[in-house]
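**Q** I am sharing start-v9.cif, which consists of mmCIF, C-alpha atoms:
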```cif
data_model
loop_
_atom_site.group_PDB
_atom_site.id
_atom_site.type_symbol
_atom_site.label_atom_id
_atom_site.label_comp_id
_atom_site.auth_asym_id
_atom_site.auth_seq_id
_atom_site.Cartn_x
_atom_site.Cartn_y
_atom_site.Cartn_z
ATOM 1 C CA MET A 217 24.640 60.341 -52.604
ATOM 2 C CA GLU A 218 23.297 63.628 -51.325
ATOM 3 C CA PHE A 219 19.928 63.809 -49.574
ATOM 4 C CA LYS A 220 17.865 66.790 -50.676
ATOM 5 C CA ARG A 221 14.532 68.087 -49.444
ATOM 6 C CA THR A 222 11.500 67.169 -51.479
ATOM 7 C CA GLN A 223 9.302 69.856 -53.045
ATOM 8 C CA ARG A 224 6.692 69.088 -50.402
ATOM 9 C CA GLN A 225 9.212 69.731 -47.620
ATOM 10 C CA HIS A 226 10.253 73.011 -49.261
ATOM 11 C CA PHE A 227 6.627 74.073 -49.554
ATOM 12 C CA PHE A 228 5.700 73.289 -45.948
ATOM 13 C CA THR A 229 8.838 74.901 -44.541
ATOM 14 C CA ILE A 230 8.139 78.119 -46.429
ATOM 15 C CA LEU A 231 4.445 77.956 -45.493
ATOM 16 C CA THR A 232 5.292 77.488 -41.805
ATOM 17 C CA PHE A 233 7.753 80.376 -41.931
ATOM 18 C CA SER A 234 5.122 82.583 -43.593
ATOM 19 C CA MET A 235 2.438 81.720 -41.042
ATOM 20 C CA VAL A 236 4.719 82.265 -38.055
ATOM 21 C CA SER A 237 5.963 85.546 -39.548
ATOM 22 C CA TRP A 238 2.369 86.692 -40.017
ATOM 23 C CA LEU A 239 1.624 85.788 -36.387
ATOM 24 C CA TRP A 240 4.709 87.745 -35.339
ATOM 25 C CA TYR A 241 3.520 90.825 -37.218
ATOM 26 C CA ASP A 242 -0.043 90.460 -35.971
ATOM 27 C CA PHE A 243 1.002 90.085 -32.325
ATOM 28 C CA ILE A 244 3.637 92.845 -32.374
ATOM 29 C CA THR A 245 1.248 95.417 -33.877
ATOM 30 C CA SER A 246 -1.602 94.628 -31.473
ATOM 31 C CA GLY A 247 -0.212 96.639 -28.565
ATOM 32 C CA THR A 248 -1.087 94.545 -25.502
ATOM 33 C CA ALA A 249 1.786 93.222 -23.420
ATOM 34 C CA ILE A 250 0.908 89.523 -23.667
ATOM 35 C CA GLU A 251 0.526 89.725 -27.437
ATOM 36 C CA VAL A 252 3.858 91.528 -27.771
ATOM 37 C CA VAL A 253 5.515 88.721 -25.773
ATOM 38 C CA LEU A 254 3.797 86.120 -27.983
ATOM 39 C CA GLY A 255 4.921 88.133 -30.994
ATOM 40 C CA LEU A 256 8.519 88.055 -29.815
ATOM 41 C CA LEU A 257 8.304 84.277 -29.335
ATOM 42 C CA CYS A 258 6.864 83.898 -32.833
ATOM 43 C CA GLY A 259 9.658 86.105 -34.175
ATOM 44 C CA VAL A 260 12.319 83.922 -32.573
ATOM 45 C CA TRP A 261 10.575 80.841 -33.938
ATOM 46 C CA ALA A 262 10.445 82.339 -37.449
ATOM 47 C CA VAL A 263 14.144 83.227 -37.286
ATOM 48 C CA PHE A 264 14.993 79.664 -36.222
ATOM 49 C CA ILE A 265 12.922 78.220 -39.090
ATOM 50 C CA ALA A 266 14.682 80.497 -41.591
ATOM 51 C CA TYR A 267 18.104 79.735 -40.097
ATOM 52 C CA SER A 268 17.438 75.984 -40.220
ATOM 53 C CA TYR A 269 16.241 76.187 -43.801
ATOM 54 C CA LEU A 270 19.217 78.206 -44.975
ATOM 55 C CA ARG A 271 21.786 76.325 -42.872
ATOM 56 C CA THR A 272 20.849 72.890 -44.197
ATOM 57 C CA PRO A 273 20.433 73.068 -47.973
ATOM 58 C CA SER A 274 20.932 69.307 -48.040
ATOM 59 C CA LEU A 275 19.815 66.914 -45.326
ATOM 60 C CA GLY A 276 22.914 64.752 -45.489
ATOM 61 C CA ARG A 277 25.336 62.798 -47.591
ATOM 62 C CA LEU A 278 26.067 59.096 -47.948
ATOM 63 C CA ASP A 279 29.694 58.333 -48.747
ATOM 64 C CA PRO A 280 31.343 54.954 -49.329
ATOM 65 C CA ASP A 281 33.108 55.236 -45.967
ATOM 66 C CA GLY A 282 30.380 56.828 -43.806
ATOM 67 C CA LEU A 283 27.345 59.028 -43.325
ATOM 68 C CA THR A 284 26.937 62.761 -42.736
ATOM 69 C CA LEU A 285 23.679 64.243 -41.439
ATOM 70 C CA HIS A 286 23.143 68.001 -41.430
ATOM 71 C CA ARG A 287 21.143 69.442 -38.539
ATOM 72 C CA PRO A 288 20.158 73.053 -37.893
ATOM 73 C CA LEU A 289 22.688 73.506 -35.098
ATOM 74 C CA ARG A 290 25.383 70.970 -36.013
ATOM 75 C CA THR A 291 26.575 68.482 -38.585
ATOM 76 C CA VAL A 292 27.132 64.876 -37.528
ATOM 77 C CA SER A 293 29.503 62.664 -39.435
ATOM 78 C CA PHE A 294 30.750 59.147 -38.723
ATOM 79 C CA LYS A 295 32.547 56.338 -40.512
ATOM 80 C CA TRP A 296 31.060 52.868 -40.850
ATOM 81 C CA ASP A 297 33.753 51.329 -38.644
ATOM 82 C CA GLU A 298 32.788 53.728 -35.816
ATOM 83 C CA LEU A 299 29.229 52.390 -35.631
ATOM 84 C CA GLN A 300 28.411 50.501 -32.440
ATOM 85 C CA TRP A 301 24.832 49.625 -33.390
ATOM 86 C CA ALA A 302 22.096 50.866 -35.705
ATOM 87 C CA SER A 303 18.324 50.516 -35.504
ATOM 88 C CA LEU A 304 17.212 50.384 -39.139
ATOM 89 C CA GLY A 305 14.097 48.205 -39.038
ATOM 90 C CA ALA A 306 11.246 48.998 -41.404
ATOM 91 C CA ASP A 307 8.850 49.044 -38.436
ATOM 92 C CA GLN A 308 10.847 51.843 -36.741
ATOM 93 C CA ARG A 309 9.787 55.485 -37.069
ATOM 94 C CA ALA A 310 13.387 56.640 -37.199
ATOM 95 C CA LEU A 311 16.841 55.456 -38.099
ATOM 96 C CA VAL A 312 18.975 55.517 -34.945
ATOM 97 C CA PHE A 313 22.756 55.245 -35.012
ATOM 98 C CA ALA A 314 25.170 54.819 -32.109
ATOM 99 C CA TYR A 315 28.744 55.620 -32.975
ATOM 100 C CA ARG A 316 31.982 56.160 -31.098
ATOM 101 C CA HIS A 317 34.821 58.274 -32.482
ATOM 102 C CA GLN A 318 38.360 57.255 -31.642
ATOM 103 C CA GLY A 319 39.093 58.358 -28.102
ATOM 104 C CA ASP A 320 35.441 58.562 -27.047
ATOM 105 C CA VAL A 321 34.446 56.737 -23.877
ATOM 106 C CA LYS A 322 30.690 56.686 -24.445
ATOM 107 C CA ASP A 323 28.541 56.180 -27.501
ATOM 108 C CA ARG A 324 27.091 59.159 -29.320
ATOM 109 C CA TYR A 325 23.619 58.882 -30.786
ATOM 110 C CA ILE A 326 21.950 60.428 -33.793
ATOM 111 C CA GLY A 327 18.442 59.796 -35.047
ATOM 112 C CA CYS A 328 16.905 60.566 -38.381
ATOM 113 C CA SER A 329 13.171 60.494 -39.002
ATOM 114 C CA ARG A 330 11.994 58.386 -41.906
ATOM 115 C CA LYS A 331 9.599 61.214 -42.828
ATOM 116 C CA MET A 332 12.510 63.599 -43.252
ATOM 117 C CA LEU A 333 14.200 61.432 -45.898
ATOM 118 C CA THR A 334 12.808 59.981 -49.087
ATOM 119 C CA PRO A 335 12.195 56.205 -49.218
ATOM 120 C CA ASP A 336 15.090 55.903 -51.693
ATOM 121 C CA ALA A 337 17.444 57.608 -49.235
ATOM 122 C CA VAL A 338 16.330 55.340 -46.369
ATOM 123 C CA ASP A 339 16.863 52.272 -48.561
ATOM 124 C CA ALA A 340 20.296 53.534 -49.632
ATOM 125 C CA ILE A 341 21.380 54.140 -46.023
ATOM 126 C CA THR A 342 20.105 50.740 -44.918
ATOM 127 C CA ALA A 343 21.846 48.988 -47.807
ATOM 128 C CA ALA A 344 25.111 50.863 -47.188
ATOM 129 C CA VAL A 345 25.125 49.986 -43.473
ATOM 130 C CA GLN A 346 24.334 46.328 -44.168
ATOM 131 C CA ALA A 347 27.032 46.162 -46.857
ATOM 132 C CA ALA A 348 29.687 47.833 -44.710
ATOM 133 C CA ARG A 349 28.782 46.162 -41.390
ATOM 134 C CA PRO A 350 26.713 42.995 -42.031
ATOM 135 C CA ASN A 351 26.838 41.788 -38.397
ATOM 136 C CA LEU A 352 26.077 45.125 -36.772
ATOM 137 C CA PRO A 353 23.704 44.840 -33.762
ATOM 138 C CA SER A 354 20.309 46.524 -34.042
ATOM 139 C CA SER A 355 20.188 47.618 -30.404
ATOM 140 C CA PRO A 356 22.601 48.368 -27.576
ATOM 141 C CA PRO A 357 24.343 45.297 -26.112
ATOM 142 C CA GLU A 358 22.768 46.061 -22.716
ATOM 143 C CA ALA A 359 19.301 45.648 -24.233
ATOM 144 C CA GLU A 360 20.176 42.234 -25.617
ATOM 145 C CA ASN A 361 21.630 40.712 -22.452
ATOM 146 C CA GLY A 362 19.613 42.645 -19.866
ATOM 147 C CA ALA A 363 22.635 44.324 -18.248
ATOM 148 C CA LYS A 364 22.147 47.691 -16.578
ATOM 149 C CA THR A 365 24.665 50.497 -16.823
#
```
What do you get writing this file as structure tokens?
**A**
Amino acid sequence: MEFKRTQRQHFFTILTFSMVSWLWYDFITSGTAIEVVLGLLCGVWAVFIAYSYLRTPSLGRLDPDGLTLHRPLRTVSFKWDELQWASLGADQRALVFAYRHQGDVKDRYIGCSRKMLTPDAVDAITAAVQAARPNLPSSPPEAENGAKT
């Protein structure tokens, strides 16, 4: 299952890019030093928005053996058997995964906002994790037993 942006997300990304680009043009053409600096910052921001939009045509992919999440600067992929714990509760604002690739010493973490994904995608991820790892903890072991690291 591939996670795509909704039409609303497309619209607001393009709107944000347009507004920041307009600010860039407005600041650069004004002539004062502070506005040129602000214009350059807006230009960098607009480039990052465009890069993020073009770099991540899909937000991620759910496979039978794992999950892949596309980010603007990197792509994170892990298998279900590499999961150490996952916070998937409906009361949480984000899905948080802790995974450890073979040979890793420490856990790696990746979060995914519920607002970024559609409710169907969140339900599919939750169901896939619960089907693949039914006894997976919902928080780090240190949080459950009070140990400090």
**Q** Near Leu278 of chain A, within 9 Å and counting all atoms listed in the file, which residues show up once chain neighbours fewer than 5 positions away are dropped, as a list of chain:residue names?
**A** A:Met217, A:Glu218, A:Phe219, A:Leu283, A:Thr284, A:Leu285, A:Ala337, A:Ala340, A:Ile341, A:Ala344
**Q** Export, as a PDB file, keeping the file's coordinate frame, the selected residues with C-alpha atoms.
**A**
```pdb
ATOM      1  CA  MET A 217      24.640  60.341 -52.604  1.00  0.00           C
ATOM      2  CA  GLU A 218      23.297  63.628 -51.325  1.00  0.00           C
ATOM      3  CA  PHE A 219      19.928  63.809 -49.574  1.00  0.00           C
ATOM      4  CA  LEU A 283      27.345  59.028 -43.325  1.00  0.00           C
ATOM      5  CA  THR A 284      26.937  62.761 -42.736  1.00  0.00           C
ATOM      6  CA  LEU A 285      23.679  64.243 -41.439  1.00  0.00           C
ATOM      7  CA  ALA A 337      17.444  57.608 -49.235  1.00  0.00           C
ATOM      8  CA  ALA A 340      20.296  53.534 -49.632  1.00  0.00           C
ATOM      9  CA  ILE A 341      21.380  54.140 -46.023  1.00  0.00           C
ATOM     10  CA  ALA A 344      25.111  50.863 -47.188  1.00  0.00           C
TER      11      ALA A 344
END
```
**Q** Please provide as a PyMOL selection string all residues within 8 Å of segment 230-236 of chain A, with the sequence filter that same-chain residues fewer than 2 positions apart are discarded (counting all atoms listed in the file).
**A** chain A and resi 226-228+238-240+258-259+261-262+265-266
**Q** Go ahead and save the picked residues with C-alpha atoms, as a PDB file, keeping the file's coordinate frame.
**A**
```pdb
ATOM      1  CA  HIS A 226      10.253  73.011 -49.261  1.00  0.00           C
ATOM      2  CA  PHE A 227       6.627  74.073 -49.554  1.00  0.00           C
ATOM      3  CA  PHE A 228       5.700  73.289 -45.948  1.00  0.00           C
ATOM      4  CA  TRP A 238       2.369  86.692 -40.017  1.00  0.00           C
ATOM      5  CA  LEU A 239       1.624  85.788 -36.387  1.00  0.00           C
ATOM      6  CA  TRP A 240       4.709  87.745 -35.339  1.00  0.00           C
ATOM      7  CA  CYS A 258       6.864  83.898 -32.833  1.00  0.00           C
ATOM      8  CA  GLY A 259       9.658  86.105 -34.175  1.00  0.00           C
ATOM      9  CA  TRP A 261      10.575  80.841 -33.938  1.00  0.00           C
ATOM     10  CA  ALA A 262      10.445  82.339 -37.449  1.00  0.00           C
ATOM     11  CA  ILE A 265      12.922  78.220 -39.090  1.00  0.00           C
ATOM     12  CA  ALA A 266      14.682  80.497 -41.591  1.00  0.00           C
TER      13      ALA A 266
END
```
**Q** Could you name the residues that touch Asp323 of chain A at 8 Å or less, counting all atoms listed in the file, but leaving out those on the same chain fewer than 3 positions away, as a ChimeraX atom specification?
**A** /A:300,314-316,320
**Q** Residues proximal to (17.6, 58.4, -42.2) were defined as those with any atom within 7 Å of that point in the file's coordinates, counting only C-alpha atoms. Which are they, as a list in words?
**A**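 The distance filter leaves exactly Ala310, Leu311, Cys328, Ser329, Arg330, Leu333, Val338 and Ile341 of chain A.
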**Q** Which residues, named as in the file, does the PyMOL selection byres ((chain A and resi 354) around 12) pick out? Answer as a ChimeraX atom specification.
**A** /A:299-306,308,311-314,342,345-346,349-353,355-360
**Q** From the list A:Leu254, A:Ala343, A:Gly327, A:Thr229, which residue is nearest Arg287 of chain A when using all atoms listed in the file?
**A** A:Gly327
**Q** Please report the interatomic distance between atom CA of Val263 of chain A and atom CA of His286 of chain A in Å with one decimal.
**A** 18.2 Å
**Q** So how many Å separate atom CA of Thr272 of chain A and atom CA of Pro288 of chain A, to one decimal?
**A**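 Distance reported for this atom pair: 6.3 Å.
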**Q** Between atom CA of Ser246 of chain A and atom CA of Tyr267 of chain A, measure the distance and give it in Å to one decimal.
**A**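 About the pair atom CA of Ser246 of chain A and atom CA of Tyr267 of chain A: they are 26.2 Å apart.
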**Q** So which one's closest to Arg221 of chain A, A:Leu275, A:Leu289, A:Ile326, A:Val321? Using all atoms listed in the file, please.
**A** A:Leu275
**Q** For each of A:Tyr241, A:Gly247, A:Ala348, A:Tyr269, take the minimum atom-to-atom distance to Glu298 of chain A, counting only C-alpha atoms, then give the residue where this is smallest.
**A**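 Using only C-alpha atoms, the shortest distance to Glu298 of chain A belongs to A:Ala348.
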**Q** What are the centre and edge lengths in Å, to one decimal, of the axis-aligned box around all listed atoms of segment 342-359 of chain A with 8 Å added on each side, as AutoDock Vina command-line options?
**A**
```
--center_x 24.5 --center_y 46.3 --center_z -35.3 --size_x 26.4 --size_y 25.1 --size_z 41.1
```
**Q** When you count only C-alpha atoms, which of these residues is closest to Ser237 of chain A: A:Pro273, A:Leu257, A:Ala249, A:Lys220?
**A**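 Comparing A:Pro273, A:Leu257, A:Ala249, A:Lys220 against Ser237 of chain A, the winner is A:Leu257.
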